[in-house]
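All remarks here apply to the structure that follows.
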Amino acid sequence: MSVDIVETNLDFDSLSERGYTDMIVIHHTGENDIDASAEQIHQWHKNRNPPWAGIGYHYVVMKGGKIERGRPEWAIGSHAYGENGHTIGIHLSGDFQQANPTPEQLDRCGALVADICDRYGIPIDRAHIVGHGELMATSCPGVNLQALLDDGTITGKAIYYYN
Ligand SMILES: [Zn+2]
């Protein structure tokens, strides 16, 4: 299986290599349900105080289903405090406290999860595919996207693509 990733060629400050990968963490934008691009989030994260090396997520799945590359997959991300050393971060654009992910986003998220799990030998289950708020106190990835993790929609799509 393979997934189309749009290369963004973003410019990062120093990055460190992640030693191992056994979990995928799902995020949303918040921010009034905007269809944030990797470039846009890259600028937000670079403009933090203190600045980050660049976008903290490894992938951005936009509302139309386009998957953009964020931080290089080999690098330690900045998306789940204390858990970045063993996780890959996938961001779905939108505010899922109020809106719902599009069918295209859910489909491409499932395919991407399947591809990552295949390459790293990660089991496709709820112990290994988690919402940000399962790791710490945050409303991310929004109640509506979290519900699609909890009811097995995301893992179900990933299993479909994996097989
Ligand atoms: Zn998050």
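Chain identifiers are assigned as A, B, and so on, following the order in which chains appear in the structure tokens; residues are numbered from 1 within each chain, and ligands are numbered from 1 in order of appearance.
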
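Where the distance criterion is 8 Å and the atoms used are only C-alpha atoms and all ligand atoms, the residues close to ligand 1 are A:Val25, A:Ile26, A:His27, A:His28, A:Thr29, A:His79, A:Ala80, A:His91, A:Gly131, A:His132, A:Gly133, A:Thr138, A:Ser139, A:Cys140, A:Pro141.
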
Expected file contents, prior selection, C-alpha atoms, as a PDB file, in the first residue's frame:
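Listing of part33.pdb after writing:
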ATOM      1  CA  VAL A  25      -1.347  10.621  18.037  1.00  0.00           C
ATOM      2  CA  ILE A  26      -4.283  12.357  16.318  1.00  0.00           C
ATOM      3  CA  HIS A  27      -4.785  16.150  16.521  1.00  0.00           C
ATOM      4  CA  HIS A  28      -7.010  18.915  15.167  1.00  0.00           C
ATOM      5  CA  THR A  29      -6.510  22.626  14.521  1.00  0.00           C
ATOM      6  CA  HIS A  79       2.803  17.559  19.315  1.00  0.00           C
ATOM      7  CA  ALA A  80       2.353  15.531  22.518  1.00  0.00           C
ATOM      8  CA  HIS A  91      -3.091  16.661  12.339  1.00  0.00           C
ATOM      9  CA  GLY A 131      -6.264  11.142  20.480  1.00  0.00           C
ATOM     10  CA  HIS A 132      -4.069  13.861  21.977  1.00  0.00           C
ATOM     11  CA  GLY A 133      -6.463  14.204  24.918  1.00  0.00           C
ATOM     12  CA  THR A 138      -6.499  18.943  26.239  1.00  0.00           C
ATOM     13  CA  SER A 139      -9.679  19.175  24.179  1.00  0.00           C
ATOM     14  CA  CYS A 140      -7.640  18.163  21.078  1.00  0.00           C
ATOM     15  CA  PRO A 141      -8.641  16.479  18.718  1.00  0.00           C
TER      16      PRO A 141
END

Contacts of A:Met62 at 8 Å or less, counting only C-alpha atoms, minus same-chain residues fewer than 5 places along, as a compact mmCIF listing (two decimals) with C-alpha atoms, in the first residue's frame?
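Written output follows (out-v1.txt):
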# COMPACT_ATOMS: atom_id res chain seq x y z
CA ASP A 35 -8.52 24.32 6.75
CA ALA A 36 -4.96 24.87 7.98
CA SER A 37 -2.09 23.88 5.68
CA ILE A 67 -2.00 14.90 2.94
CA GLU A 68 0.85 17.36 3.36
CA LEU A 92 -6.54 16.86 10.73
CA SER A 93 -7.40 20.42 9.76
CA GLN A 105 -10.16 13.44 5.68

>> What does the structure give for the distance between atom CA of A:Trp52 and atom CA of A:Asp13, in Å to one decimal?
In response: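 Answer for the atom CA of A:Trp52 to atom CA of A:Asp13 separation: 8.0 Å.
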
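The smallest atom-to-atom distance between A:Asn84 and any of A:Arg18, A:Arg126, A:His42, A:Arg119, using only C-alpha atoms, is found for A:Arg18.
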
>> as a list in words, please: every residue in stretch 17-162 of chain A that DSSP puts in strand (DSSP E or B).
In response: Glu17, Met23, Ile24, Val25, Ile26, His27, His28, Tyr59, Val60, Val61, Ile67, Glu68, Arg69, Ala75, Thr87, Ile88, Gly89, Ile90, His91, Leu92, Ile129, Val130 and Gly131 of chain A

> If we count only C-alpha atoms, what is near A:Ile129 at a cut-off of 10 Å, once residues fewer than 3 positions away on the same chain are taken out, given as JSON, numbers by chain?
Replying inline: {"A": [22, 23, 24, 25, 26, 87, 88, 113, 117, 122, 123, 124, 125, 126, 132, 149, 154, 155]}

Sort by chain and increasing residue number a table of all residues of stretch 97-124 of chain A within 8 Å of stretch 157-160 of chain A, each with its closest pair of atoms and their distance in Å to one decimal, counting only C-alpha atoms, and write it as a Markdown table.
| residue | atom | partner | partner_atom | distance |
| --- | --- | --- | --- | --- |
| A:Leu106 | CA | A:Lys157 | CA | 7.9 |
| A:Asp107 | CA | A:Lys157 | CA | 6.7 |
| A:Cys109 | CA | A:Ala158 | CA | 7.8 |
| A:Gly110 | CA | A:Ala158 | CA | 4.2 |
| A:Ala111 | CA | A:Ala158 | CA | 5.6 |
| A:Leu112 | CA | A:Ala158 | CA | 7.6 |
| A:Val113 | CA | A:Ala158 | CA | 5.8 |
| A:Ala114 | CA | A:Ala158 | CA | 4.6 |
| A:Ile124 | CA | A:Ile159 | CA | 6.8 |

Expected file contents, prior selection, N, CA and C atoms, as a tab-separated table (two decimals), in the first residue's frame:
chain	number	residue	atom	x	y	z
A	106	LEU	N	-11.26	11.56	6.73
A	106	LEU	CA	-11.28	10.29	7.47
A	106	LEU	C	-10.70	9.17	6.63
A	107	ASP	N	-11.02	9.18	5.35
A	107	ASP	CA	-10.50	8.15	4.45
A	107	ASP	C	-8.98	8.22	4.36
A	109	CYS	N	-6.90	9.77	6.39
A	109	CYS	CA	-6.31	9.51	7.71
A	109	CYS	C	-6.19	8.01	7.93
A	110	GLY	N	-7.22	7.26	7.58
A	110	GLY	CA	-7.19	5.81	7.73
A	110	GLY	C	-6.08	5.19	6.88
A	111	ALA	N	-5.95	5.65	5.64
A	111	ALA	CA	-4.91	5.11	4.76
A	111	ALA	C	-3.51	5.45	5.28
A	112	LEU	N	-3.36	6.66	5.80
A	112	LEU	CA	-2.06	7.08	6.34
A	112	LEU	C	-1.70	6.28	7.59
A	113	VAL	N	-2.67	6.10	8.46
A	113	VAL	CA	-2.44	5.29	9.68
A	113	VAL	C	-2.03	3.88	9.27
A	114	ALA	N	-2.70	3.31	8.28
A	114	ALA	CA	-2.37	1.95	7.83
A	114	ALA	C	-0.94	1.89	7.32
A	124	ILE	N	-2.74	-1.98	14.75
A	124	ILE	CA	-3.81	-1.00	14.51
A	124	ILE	C	-4.90	-1.23	15.54

>> Can you tell me, as a ChimeraX atom specification, which residues in chain A count as alpha helix (DSSP H) by DSSP?
In response: /A:38-46,103-120,143-150,153-162

Write to file, as a compact mmCIF listing (two decimals), in the first residue's frame, the residues of the selection just made, with C-alpha atoms.
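Writing the result to out.txt gives the following:
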# COMPACT_ATOMS: atom_id res chain seq x y z
CA ALA A 38 1.29 22.52 6.80
CA GLU A 39 2.90 25.82 5.77
CA GLN A 40 0.44 27.81 7.89
CA ILE A 41 0.98 25.64 10.97
CA HIS A 42 4.74 25.76 10.34
CA GLN A 43 4.61 29.55 10.64
CA TRP A 44 2.47 29.41 13.81
CA HIS A 45 4.88 27.00 15.48
CA LYS A 46 7.95 28.98 14.38
CA PRO A 103 -15.29 11.89 4.65
CA GLU A 104 -12.16 12.59 2.55
CA GLN A 105 -10.16 13.44 5.68
CA LEU A 106 -11.28 10.29 7.47
CA ASP A 107 -10.50 8.15 4.45
CA ARG A 108 -7.00 9.57 3.96
CA CYS A 109 -6.31 9.51 7.71
CA GLY A 110 -7.19 5.81 7.73
CA ALA A 111 -4.91 5.11 4.76
CA LEU A 112 -2.06 7.08 6.34
CA VAL A 113 -2.44 5.29 9.68
CA ALA A 114 -2.37 1.95 7.83
CA ASP A 115 0.79 2.92 5.95
CA ILE A 116 2.61 4.08 9.10
CA CYS A 117 1.53 1.01 11.07
CA ASP A 118 2.72 -1.24 8.25
CA ARG A 119 6.14 0.38 8.04
CA TYR A 120 6.79 0.46 11.82
CA VAL A 143 -15.12 15.72 20.74
CA ASN A 144 -16.34 14.88 17.24
CA LEU A 145 -13.03 13.42 16.05
CA GLN A 146 -12.39 11.73 19.39
CA ALA A 147 -15.78 10.00 19.00
CA LEU A 148 -14.61 8.58 15.66
CA LEU A 149 -11.59 7.12 17.42
CA ASP A 150 -13.70 5.76 20.27
CA THR A 153 -14.14 4.41 12.70
CA ILE A 154 -10.51 5.49 12.32
CA THR A 155 -8.97 2.13 13.21
CA GLY A 156 -11.60 0.39 11.05
CA LYS A 157 -10.59 2.42 8.00
CA ALA A 158 -6.91 1.77 8.74
CA ILE A 159 -7.55 -1.98 8.96
CA TYR A 160 -9.47 -1.81 5.68
CA TYR A 161 -6.47 -0.21 3.94
CA TYR A 162 -3.95 -2.43 5.68

> A:Val3, A:Leu15, A:Ala99, A:Ile34: which is nearest A:Glu73, counting only C-alpha atoms?
Replying inline: A:Leu15

> For A:Asn9, which residue among A:Arg69, A:His128, A:His86, A:His58 is the nearest when counting only C-alpha atoms?
Replying inline: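 Under the stated criterion, the closest residue is A:Arg69.
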